[in-house]
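S.K.: I'm passing along work_33.cif; it holds mmCIF, C-alpha atoms.
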```cif
data_final
loop_
_atom_site.group_PDB
_atom_site.id
_atom_site.type_symbol
_atom_site.label_atom_id
_atom_site.label_comp_id
_atom_site.auth_asym_id
_atom_site.auth_seq_id
_atom_site.Cartn_x
_atom_site.Cartn_y
_atom_site.Cartn_z
ATOM 1 C CA MET A 1 4.360 -9.202 -0.217
ATOM 2 C CA ALA A 2 2.203 -6.077 0.175
ATOM 3 C CA ALA A 3 -1.340 -6.065 -1.193
ATOM 4 C CA THR A 4 -1.929 -4.043 -4.363
ATOM 5 C CA LYS A 5 -3.714 -0.722 -3.793
ATOM 6 C CA TYR A 6 -6.115 0.513 -6.486
ATOM 7 C CA VAL A 7 -6.374 4.262 -7.199
ATOM 8 C CA ALA A 8 -9.247 5.713 -9.261
ATOM 9 C CA VAL A 9 -9.149 9.195 -10.808
ATOM 10 C CA LEU A 10 -12.739 10.128 -11.692
ATOM 11 C CA GLU A 11 -13.781 12.581 -14.380
ATOM 12 C CA THR A 12 -13.208 16.295 -13.780
ATOM 13 C CA VAL A 13 -16.463 18.159 -13.147
ATOM 14 C CA SER A 14 -17.446 21.837 -13.347
ATOM 15 C CA ASN A 15 -20.303 24.099 -12.375
ATOM 16 C CA ASP A 16 -22.970 24.815 -14.977
ATOM 17 C CA SER A 17 -21.862 28.455 -15.107
ATOM 18 C CA VAL A 18 -18.258 27.587 -16.027
ATOM 19 C CA PRO A 19 -17.601 27.581 -19.813
ATOM 20 C CA VAL A 20 -15.226 24.611 -19.888
ATOM 21 C CA ALA A 21 -15.704 22.140 -22.726
ATOM 22 C CA LEU A 22 -15.987 18.389 -22.060
ATOM 23 C CA GLN A 23 -12.759 17.733 -23.995
ATOM 24 C CA GLU A 24 -10.849 20.171 -21.774
ATOM 25 C CA ARG A 25 -12.196 18.580 -18.581
ATOM 26 C CA GLN A 26 -11.270 15.123 -19.858
ATOM 27 C CA PHE A 27 -7.750 16.319 -20.627
ATOM 28 C CA VAL A 28 -7.380 17.667 -17.073
ATOM 29 C CA THR A 29 -8.455 14.205 -15.866
ATOM 30 C CA ASN A 30 -5.899 12.537 -18.157
ATOM 31 C CA VAL A 31 -3.082 14.739 -16.823
ATOM 32 C CA LEU A 32 -4.100 14.068 -13.201
ATOM 33 C CA ARG A 33 -4.225 10.311 -13.905
ATOM 34 C CA ALA A 34 -0.796 10.425 -15.595
ATOM 35 C CA GLU A 35 0.632 12.204 -12.548
ATOM 36 C CA ALA A 36 -0.825 9.446 -10.353
ATOM 37 C CA VAL A 37 0.992 6.837 -12.457
ATOM 38 C CA LYS A 38 4.297 8.704 -12.003
ATOM 39 C CA SER A 39 3.853 9.221 -8.251
ATOM 40 C CA LEU A 40 2.480 5.719 -7.532
ATOM 41 C CA PRO A 41 4.247 3.298 -9.923
ATOM 42 C CA ALA A 42 3.219 -0.335 -10.189
ATOM 43 C CA ASP A 43 6.473 -1.580 -8.614
ATOM 44 C CA SER A 44 5.559 0.290 -5.412
ATOM 45 C CA GLY A 45 2.324 -1.699 -5.023
ATOM 46 C CA PHE A 46 -0.213 0.576 -6.740
ATOM 47 C CA THR A 47 -2.522 0.152 -9.754
ATOM 48 C CA ILE A 48 -4.036 3.251 -11.375
ATOM 49 C CA MET A 49 -7.423 2.331 -12.794
ATOM 50 C CA THR A 50 -8.120 3.394 -16.384
ATOM 51 C CA ARG A 51 -11.247 5.184 -17.586
ATOM 52 C CA GLU A 52 -12.392 1.894 -19.161
ATOM 53 C CA ASN A 53 -11.913 -0.007 -15.873
ATOM 54 C CA ILE A 54 -14.005 2.539 -14.003
ATOM 55 C CA VAL A 55 -16.825 2.595 -16.574
ATOM 56 C CA THR A 56 -16.978 -1.216 -16.659
ATOM 57 C CA MET A 57 -17.265 -1.587 -12.882
ATOM 58 C CA LEU A 58 -19.822 1.158 -12.315
ATOM 59 C CA PRO A 59 -23.400 0.053 -11.567
ATOM 60 C CA PRO A 60 -25.627 0.068 -14.680
ATOM 61 C CA ASP A 61 -27.638 3.115 -13.559
ATOM 62 C CA VAL A 62 -24.603 5.358 -12.868
ATOM 63 C CA SER A 63 -22.544 7.242 -15.476
ATOM 64 C CA ILE A 64 -18.969 8.326 -14.904
ATOM 65 C CA GLU A 65 -19.918 12.002 -15.302
ATOM 66 C CA GLU A 66 -22.360 11.739 -12.365
ATOM 67 C CA CYS A 67 -19.710 10.659 -9.848
ATOM 68 C CA GLU A 68 -19.066 13.730 -7.705
ATOM 69 C CA GLY A 69 -19.755 15.302 -4.337
ATOM 70 C CA GLY A 70 -21.177 13.072 -1.623
ATOM 71 C CA CYS A 71 -21.242 9.946 -3.770
ATOM 72 C CA LEU A 72 -17.517 10.160 -4.541
ATOM 73 C CA VAL A 73 -16.444 7.798 -1.746
ATOM 74 C CA GLU A 74 -19.357 5.442 -2.396
ATOM 75 C CA THR A 75 -18.437 5.320 -6.073
ATOM 76 C CA GLY A 76 -14.869 4.417 -5.123
ATOM 77 C CA ARG A 77 -16.164 1.559 -2.989
ATOM 78 C CA ASN A 78 -18.443 0.326 -5.793
ATOM 79 C CA ILE A 79 -15.482 -0.023 -8.141
ATOM 80 C CA ALA A 80 -13.277 -1.652 -5.436
ATOM 81 C CA ALA A 81 -10.812 1.270 -5.338
ATOM 82 C CA ASP A 82 -8.734 1.928 -2.224
ATOM 83 C CA PHE A 83 -8.310 5.622 -3.050
ATOM 84 C CA VAL A 84 -10.425 7.905 -5.258
ATOM 85 C CA ALA A 85 -9.530 11.380 -6.566
ATOM 86 C CA GLN A 86 -11.409 14.020 -8.533
ATOM 87 C CA ALA A 87 -10.875 17.589 -9.773
ATOM 88 C CA ARG A 88 -13.526 20.319 -9.890
ATOM 89 C CA ILE A 89 -13.344 23.494 -11.980
ATOM 90 C CA GLY A 90 -15.152 26.626 -10.837
ATOM 91 C CA LEU A 91 -15.163 30.373 -11.422
ATOM 92 C CA TYR A 92 -14.225 33.131 -8.964
ATOM 93 C CA ALA A 93 -13.545 36.834 -9.595
ATOM 94 C CA GLY A 94 -13.260 36.225 -13.331
ATOM 95 C CA LYS A 95 -10.671 33.429 -12.997
ATOM 96 C CA TYR A 96 -10.912 29.682 -13.224
ATOM 97 C CA THR A 97 -10.568 27.840 -9.903
ATOM 98 C CA LEU A 98 -9.364 24.260 -9.460
ATOM 99 C CA THR A 99 -10.021 22.027 -6.441
ATOM 100 C CA VAL A 100 -8.633 18.469 -6.335
ATOM 101 C CA GLU A 101 -9.519 16.035 -3.528
ATOM 102 C CA LEU A 102 -8.329 12.539 -2.592
ATOM 103 C CA TYR A 103 -10.354 10.200 -0.348
ATOM 104 C CA ASP A 104 -9.584 6.938 1.438
ATOM 105 C CA THR A 105 -12.593 4.781 0.533
ATOM 106 C CA LYS A 106 -12.184 2.492 3.538
ATOM 107 C CA SER A 107 -12.497 5.268 6.124
ATOM 108 C CA GLY A 108 -14.281 7.812 3.947
ATOM 109 C CA ASN A 109 -11.822 10.501 5.075
ATOM 110 C CA LEU A 110 -10.415 13.289 2.913
ATOM 111 C CA ILE A 111 -6.654 12.629 3.083
ATOM 112 C CA SER A 112 -5.248 15.136 0.574
ATOM 113 C CA SER A 113 -6.296 18.162 -1.482
ATOM 114 C CA PHE A 114 -4.991 21.231 -3.287
ATOM 115 C CA THR A 115 -6.492 24.315 -4.934
ATOM 116 C CA GLY A 116 -5.413 26.960 -7.421
ATOM 117 C CA ARG A 117 -6.562 29.718 -9.792
ATOM 118 C CA GLY A 118 -5.699 30.483 -13.399
ATOM 119 C CA GLU A 119 -6.689 32.508 -16.418
ATOM 120 C CA ASP A 120 -7.327 29.463 -18.617
ATOM 121 C CA SER A 121 -7.172 25.679 -18.762
ATOM 122 C CA GLU A 122 -3.458 25.747 -19.561
ATOM 123 C CA GLU A 123 -2.690 27.382 -16.213
ATOM 124 C CA LEU A 124 -4.883 24.826 -14.450
ATOM 125 C CA LEU A 125 -2.771 22.035 -15.976
ATOM 126 C CA LYS A 126 0.390 23.604 -14.522
ATOM 127 C CA ILE A 127 -1.274 23.665 -11.101
ATOM 128 C CA VAL A 128 -2.054 19.937 -11.434
ATOM 129 C CA GLU A 129 1.510 19.063 -12.484
ATOM 130 C CA ASN A 130 3.120 21.098 -9.678
ATOM 131 C CA ASN A 131 0.939 19.757 -6.843
ATOM 132 C CA SER A 132 0.288 16.137 -7.852
ATOM 133 C CA PRO A 133 3.500 14.485 -6.506
ATOM 134 C CA GLU A 134 2.874 15.629 -2.929
ATOM 135 C CA PHE A 135 -0.879 15.106 -3.399
ATOM 136 C CA PHE A 136 -0.568 11.397 -4.260
ATOM 137 C CA ASN A 137 2.356 10.618 -1.930
ATOM 138 C CA VAL A 138 -0.040 10.429 1.035
ATOM 139 C CA CYS A 139 -1.223 7.077 -0.362
ATOM 140 C CA LYS A 140 2.159 5.524 0.381
ATOM 141 C CA PRO A 141 2.643 3.799 3.748
ATOM 142 C CA VAL A 142 4.624 5.695 6.361
ATOM 143 C CA VAL A 143 8.104 4.244 6.898
ATOM 144 C CA GLU A 144 9.478 4.844 10.360
ATOM 145 C CA LYS A 145 13.013 6.170 10.409
ATOM 146 C CA VAL A 146 15.408 4.251 12.633
ATOM 147 C CA GLU A 147 17.676 6.595 14.521
ATOM 148 C CA GLU A 148 21.340 5.675 14.557
ATOM 149 C CA PRO A 149 23.110 5.588 17.940
ATOM 150 C CA ALA A 150 25.015 8.727 18.800
ATOM 151 C CA PRO A 151 28.781 8.423 18.270
ATOM 152 C CA LEU A 152 31.056 8.328 21.297
ATOM 153 C CA PRO A 153 32.684 11.638 22.190
ATOM 154 C CA ASP A 154 36.250 12.139 21.047
ATOM 155 C CA THR A 155 37.381 12.382 24.688
ATOM 156 C CA ALA A 156 36.181 8.838 25.525
ATOM 157 C CA GLN A 157 38.993 6.699 26.930
ATOM 158 C CA VAL A 158 39.307 2.930 26.904
ATOM 159 C CA ILE A 159 40.818 1.561 30.113
ATOM 160 C CA VAL A 160 42.947 -1.542 29.454
ATOM 161 C CA PRO A 161 43.701 -3.699 32.525
ATOM 162 C CA PRO A 162 47.278 -4.822 33.135
ATOM 163 C CA ALA A 163 48.458 -7.962 31.342
ATOM 164 C CA SER A 164 48.917 -9.776 34.664
ATOM 165 C CA ALA A 165 45.260 -9.176 35.591
ATOM 166 C CA LEU A 166 44.097 -10.546 32.235
ATOM 167 C CA ALA A 167 46.202 -13.655 32.679
ATOM 168 C CA ASN A 168 44.806 -14.293 36.184
ATOM 169 C CA ASP A 169 41.216 -13.811 34.957
ATOM 170 C CA SER A 170 41.756 -16.212 32.037
ATOM 171 C CA ALA A 171 43.154 -18.877 34.321
ATOM 172 C CA ALA A 172 40.250 -18.521 36.756
ATOM 173 C CA LEU A 173 37.711 -18.716 33.927
ATOM 174 C CA ALA A 174 39.311 -21.864 32.536
ATOM 175 C CA ALA A 175 39.232 -23.493 35.967
ATOM 176 C CA ASP A 176 35.583 -22.618 36.469
ATOM 177 C CA SER A 177 34.706 -24.066 33.055
ATOM 178 C CA ALA A 178 36.498 -27.310 33.844
ATOM 179 C CA ASP A 179 34.675 -27.659 37.171
ATOM 180 C CA ALA A 180 31.338 -26.958 35.566
ATOM 181 C CA SER A 181 31.870 -29.593 32.867
ATOM 182 C CA LYS A 182 32.696 -32.202 35.521
ATOM 183 C CA SER A 183 29.572 -31.409 37.552
ATOM 184 C CA VAL A 184 27.135 -32.004 34.640
ATOM 185 C CA PRO A 185 26.148 -35.698 34.291
ATOM 186 C CA ALA A 186 26.746 -37.279 30.896
ATOM 187 C CA ASN A 187 23.081 -38.210 30.420
ATOM 188 C CA VAL A 188 21.773 -34.672 31.111
ATOM 189 C CA LYS A 189 21.453 -32.339 28.075
ATOM 190 C CA GLU A 190 22.824 -28.839 28.518
ATOM 191 C CA HIS A 191 20.225 -27.275 26.168
ATOM 192 C CA PRO A 192 16.702 -28.753 26.347
ATOM 193 C CA TRP A 193 15.732 -26.189 23.656
ATOM 194 C CA ASP A 194 17.561 -28.414 21.125
ATOM 195 C CA ASP A 195 14.678 -30.927 21.320
ATOM 196 C CA VAL A 196 12.085 -28.273 20.446
ATOM 197 C CA ARG A 197 14.076 -26.451 17.768
ATOM 198 C CA PRO A 198 13.645 -29.007 14.890
ATOM 199 C CA THR A 199 9.871 -29.140 15.413
ATOM 200 C CA LEU A 200 9.576 -25.343 15.450
ATOM 201 C CA ILE A 201 11.715 -25.062 12.304
ATOM 202 C CA TRP A 202 9.528 -27.584 10.473
ATOM 203 C CA VAL A 203 6.262 -25.950 11.557
ATOM 204 C CA SER A 204 7.514 -22.434 10.741
ATOM 205 C CA ALA A 205 8.751 -23.480 7.311
ATOM 206 C CA SER A 206 5.391 -25.139 6.575
ATOM 207 C CA VAL A 207 3.418 -22.046 7.636
ATOM 208 C CA LEU A 208 5.732 -19.826 5.558
ATOM 209 C CA PHE A 209 5.334 -22.035 2.468
ATOM 210 C CA VAL A 210 1.535 -22.256 2.769
ATOM 211 C CA GLY A 211 1.265 -18.490 3.357
ATOM 212 C CA VAL A 212 3.418 -17.555 0.341
ATOM 213 C CA VAL A 213 1.690 -20.008 -2.009
ATOM 214 C CA GLY A 214 -1.749 -18.973 -0.753
ATOM 215 C CA ALA A 215 -0.992 -15.250 -1.126
ATOM 216 C CA LEU A 216 0.350 -15.726 -4.675
ATOM 217 C CA PHE A 217 -2.658 -17.807 -5.695
ATOM 218 C CA ALA A 218 -5.134 -15.336 -4.168
ATOM 219 C CA ASP A 219 -3.353 -12.396 -5.827
ATOM 220 C CA TYR A 220 -3.532 -14.154 -9.210
ATOM 221 C CA TYR A 221 -7.224 -14.917 -8.677
ATOM 222 C CA ALA A 222 -7.939 -11.282 -7.643
ATOM 223 C CA ARG A 223 -6.216 -9.935 -10.746
ATOM 224 C CA ASP A 224 -8.072 -12.421 -12.942
ATOM 225 C CA ALA A 225 -11.418 -11.337 -11.447
ATOM 226 C CA TYR A 226 -10.463 -7.678 -11.818
ATOM 227 C CA ASP A 227 -9.708 -8.121 -15.535
ATOM 228 C CA GLN A 228 -13.102 -9.693 -16.260
ATOM 229 C CA VAL A 229 -15.564 -7.576 -18.230
ATOM 230 C CA PRO A 230 -19.105 -8.256 -16.942
ATOM 231 C CA ASP A 231 -22.020 -8.589 -19.344
ATOM 232 C CA ASN A 232 -24.648 -7.698 -16.763
ATOM 233 C CA ALA A 233 -25.137 -6.511 -13.187
ATOM 234 C CA ASP A 234 -25.221 -10.049 -11.757
ATOM 235 C CA GLN A 235 -21.836 -10.881 -13.275
ATOM 236 C CA TYR A 236 -20.447 -7.564 -12.006
ATOM 237 C CA HIS A 237 -21.459 -8.270 -8.408
ATOM 238 C CA TYR A 238 -20.287 -11.929 -8.703
ATOM 239 C CA TRP A 239 -16.782 -10.958 -9.919
ATOM 240 C CA ARG A 240 -16.609 -8.066 -7.487
ATOM 241 C CA ASN A 241 -17.347 -10.430 -4.560
ATOM 242 C CA ASP A 242 -14.792 -12.911 -5.900
ATOM 243 C CA MET A 243 -12.165 -10.178 -6.126
ATOM 244 C CA GLN A 244 -12.829 -8.991 -2.567
ATOM 245 C CA LEU A 245 -12.715 -12.596 -1.258
ATOM 246 C CA ALA A 246 -9.416 -13.183 -3.054
ATOM 247 C CA GLN A 247 -7.985 -9.975 -1.569
ATOM 248 C CA ASN A 248 -8.985 -11.127 1.947
ATOM 249 C CA LEU A 249 -7.395 -14.555 1.350
ATOM 250 C CA ARG A 250 -4.274 -12.832 0.071
ATOM 251 C CA THR A 251 -4.056 -10.852 3.313
ATOM 252 C CA VAL A 252 -4.404 -14.074 5.365
ATOM 253 C CA GLY A 253 -1.633 -15.663 3.300
ATOM 254 C CA GLU A 254 0.633 -12.682 3.873
ATOM 255 C CA ILE A 255 0.037 -12.851 7.632
ATOM 256 C CA MET A 256 0.846 -16.583 7.651
ATOM 257 C CA ALA A 257 4.031 -15.922 5.678
ATOM 258 C CA VAL A 258 5.138 -13.250 8.164
ATOM 259 C CA VAL A 259 4.399 -15.496 11.153
ATOM 260 C CA GLY A 260 6.214 -18.427 9.536
ATOM 261 C CA ALA A 261 9.228 -16.285 8.662
ATOM 262 C CA ALA A 262 9.374 -14.895 12.198
ATOM 263 C CA GLY A 263 9.187 -18.372 13.725
ATOM 264 C CA LEU A 264 11.819 -19.709 11.337
ATOM 265 C CA GLY A 265 14.185 -16.843 12.113
ATOM 266 C CA PHE A 266 13.662 -17.194 15.868
ATOM 267 C CA SER A 267 14.288 -20.938 15.820
ATOM 268 C CA ILE A 268 17.458 -20.604 13.714
ATOM 269 C CA PHE A 269 19.178 -17.651 15.383
ATOM 270 C CA PHE A 270 18.194 -18.205 19.053
#
```
Is it possible to give me this structure as structure tokens?
M.R.:
Amino acid sequence: MAATKYVAVLETVSNDSVPVALQERQFVTNVLRAEAVKSLPADSGFTIMTRENIVTMLPPDVSIEECEGGCLVETGRNIAADFVAQARIGLYAGKYTLTVELYDTKSGNLISSFTGRGEDSEELLKIVENNSPEFFNVCKPVVEKVEEPAPLPDTAQVIVPPASALANDSAALAADSADASKSVPANVKEHPWDDVRPTLIWVSASVLFVGVVGALFADYYARDAYDQVPDNADQYHYWRNDMQLAQNLRTVGEIMAVVGAAGLGFSIFF
């Protein structure tokens, strides 16, 4: 079970010289957040944080309108987001400009961005809608493509030995098998691995069970801590630490489940 990734879309900002009303900037933010929900649905392991979630988890001395520029990544870390995005509206040569950036809060790297120009806010919304799918898709894990083996050429020929040769080989193989069975003492086991297999199956199943149960419990605890609404800064930091601890425990549980599953499969099929 993959860990849930949290994506925060912060409020759209603009330069002081750009005549864009607050309601228009908020609507651009709403459209960008809606595109994030479509590109990163919950069943693919992503949670798009709402405006209320972000405001609740911000430190008391920081407002959502102040989150821009250099503090963008730090703000994403403060609200426990894995990815943070923001749009900025500017003015160039008499036209509105739009710049949208997406950061990985763990590394602090800019991982995706797009820009555009338009005559008004309506054209900026079209730019957001056209570029958002590819913009948010970089958050998804890369799946390696397994190449299929090349088909045999049409000219390939299968050489079938004569029936007499097959009969002679079968007879010789049967004789060798009979001799080998006579040479093995009755009290000697042919496969010593059979003594180890039951123990490995039991241990692997136990590790798998503990890992799955632990990951589910930690995920439930992380979600419960995330849904809490703090009354003060101390409660905010307390629940934030609890959420991060639960996420770490969830990762440990997932690793145990993978190891247990691998051991169980190895012991059954080999």
S.K.: Quick one: residues within 8 Å of range 237-244 of chain A, all atoms listed in the file counted, chain neighbours fewer than 5 positions away excluded, as a PyMOL selection string?
M.R.: chain A and resi 80+221-223+225-226+228+230
S.K.: State, in Å with one decimal place, the distance from CA of Ala218 in chain A to CA of Asp82 in chain A.
M.R.: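 CA of Ala218 in chain A sits 17.7 Å away from CA of Asp82 in chain A.
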S.K.: To test your reading of the syntax: which residues would the PyMOL selection byres ((chain A and resi 29) around 9) return for the file shown? Reply as a VMD selection string.
M.R.: chain A and resid 9 to 12 24 to 28 30 to 34 86 to 87
S.K.: Taking all atoms listed in the file into account, name the residue in A:Asp195, A:Glu254, A:Glu74, A:Glu129 that is nearest to Leu216 in chain A.
M.R.: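 Looking at the shortest contact to Leu216 in chain A, the residue is A:Glu254.
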S.K.: Could you give me, as a PDB file with C-alpha atoms, in the coordinates of the input, the residues within 7 Å of Val229 in chain A, counting all atoms listed in the file and dropping anything in the same chain fewer than 2 positions from it?
M.R.:
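Ended up saving to out19.pdb:
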```
ATOM      1  CA  THR A  56     -16.978  -1.216 -16.659  1.00  0.00           C
ATOM      2  CA  ASP A 227      -9.708  -8.121 -15.535  1.00  0.00           C
ATOM      3  CA  ASP A 231     -22.020  -8.589 -19.344  1.00  0.00           C
TER       4      ASP A 231
END
```
S.K.: Set up a box along x, y and z of the file covering all listed atoms of range 248-254 of chain A, add 4 Å on every one of the six sides, and write the centre and edge lengths in Å to one decimal, as JSON.
M.R.:
```
{"center_x": -4.2, "center_y": -13.3, "center_z": 2.7, "size_x": 17.6, "size_y": 12.8, "size_z": 13.3}
```
S.K.: Pull out every residue that the PyMOL selection byres ((chain A and resi 98) around 9) matches in the shown coordinates and put them as a PyMOL selection string.
M.R.: chain A and resi 87-91+96-97+99-100+114-118+124+127-128
S.K.: Kindly export the residues of the current selection with C-alpha atoms, as a short mmCIF file (atom, residue, chain, number, x, y, z; two decimals), keeping the file's coordinate frame.
M.R.:
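Result file again.cif:
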```cif
data_model
loop_
_atom_site.label_atom_id
_atom_site.label_comp_id
_atom_site.auth_asym_id
_atom_site.auth_seq_id
_atom_site.Cartn_x
_atom_site.Cartn_y
_atom_site.Cartn_z
CA ALA A 87 -10.88 17.59 -9.77
CA ARG A 88 -13.53 20.32 -9.89
CA ILE A 89 -13.34 23.49 -11.98
CA GLY A 90 -15.15 26.63 -10.84
CA LEU A 91 -15.16 30.37 -11.42
CA TYR A 96 -10.91 29.68 -13.22
CA THR A 97 -10.57 27.84 -9.90
CA THR A 99 -10.02 22.03 -6.44
CA VAL A 100 -8.63 18.47 -6.34
CA PHE A 114 -4.99 21.23 -3.29
CA THR A 115 -6.49 24.32 -4.93
CA GLY A 116 -5.41 26.96 -7.42
CA ARG A 117 -6.56 29.72 -9.79
CA GLY A 118 -5.70 30.48 -13.40
CA LEU A 124 -4.88 24.83 -14.45
CA ILE A 127 -1.27 23.66 -11.10
CA VAL A 128 -2.05 19.94 -11.43
#
```
S.K.: So the first atom is CA of Ala3 in chain A and the second is CA of Ser206 in chain A; what is the distance between them in Å, to one decimal place?
M.R.: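 Straight-line distance from CA of Ala3 in chain A to CA of Ser206 in chain A works out to 21.7 Å.
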S.K.: Name the residues in contact with Val259 in chain A at a cut-off of 8 Å, using all atoms listed in the file, excluding same-chain residues fewer than 5 positions from it; report them as a list in words.
M.R.: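 The filter keeps Ser204, Val207 and Leu208 of chain A.
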S.K.: What do you get, as a CSV table (one decimal) with C-alpha atoms, keeping the file's coordinate frame, if you spell out every residue that the PyMOL selection byres ((chain A and resi 36-49) around 6) selects here?
M.R.:
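The resulting file, result-v1.csv, is shown below:
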```
chain,number,residue,atom,x,y,z
A,4,THR,CA,-1.9,-4.0,-4.4
A,5,LYS,CA,-3.7,-0.7,-3.8
A,6,TYR,CA,-6.1,0.5,-6.5
A,7,VAL,CA,-6.4,4.3,-7.2
A,8,ALA,CA,-9.2,5.7,-9.3
A,33,ARG,CA,-4.2,10.3,-13.9
A,34,ALA,CA,-0.8,10.4,-15.6
A,35,GLU,CA,0.6,12.2,-12.5
A,50,THR,CA,-8.1,3.4,-16.4
A,53,ASN,CA,-11.9,0.0,-15.9
A,133,PRO,CA,3.5,14.5,-6.5
```
S.K.: Quick one, how far is CA of Phe266 in chain A from CA of Arg197 in chain A?
M.R.: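 Answer for the CA of Phe266 in chain A to CA of Arg197 in chain A separation: 9.5 Å.
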S.K.: Considering only C-alpha atoms, can you say which of A:Ala261, A:Gln247, A:Leu102, A:Lys126 comes closest to Asp224 in chain A?
M.R.: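 Among the listed residues, the smallest separation from Asp224 in chain A belongs to A:Gln247.
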S.K.: For the point (0.6, -22.2, 5.0) in the file's frame, write as an MDAnalysis selection string all residues with an atom no more than 10 Å away, counting only C-alpha atoms.
M.R.: chainID A and resid 203:215 252:257 259:260
S.K.: Let me make sure I understand: among A:Ser113, A:Ser121, A:Ser107, A:Thr199, which one has the smallest atom-to-atom distance to Ala21 in chain A if we use all atoms listed in the file?
M.R.: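 Among the listed residues, the smallest separation from Ala21 in chain A belongs to A:Ser121.
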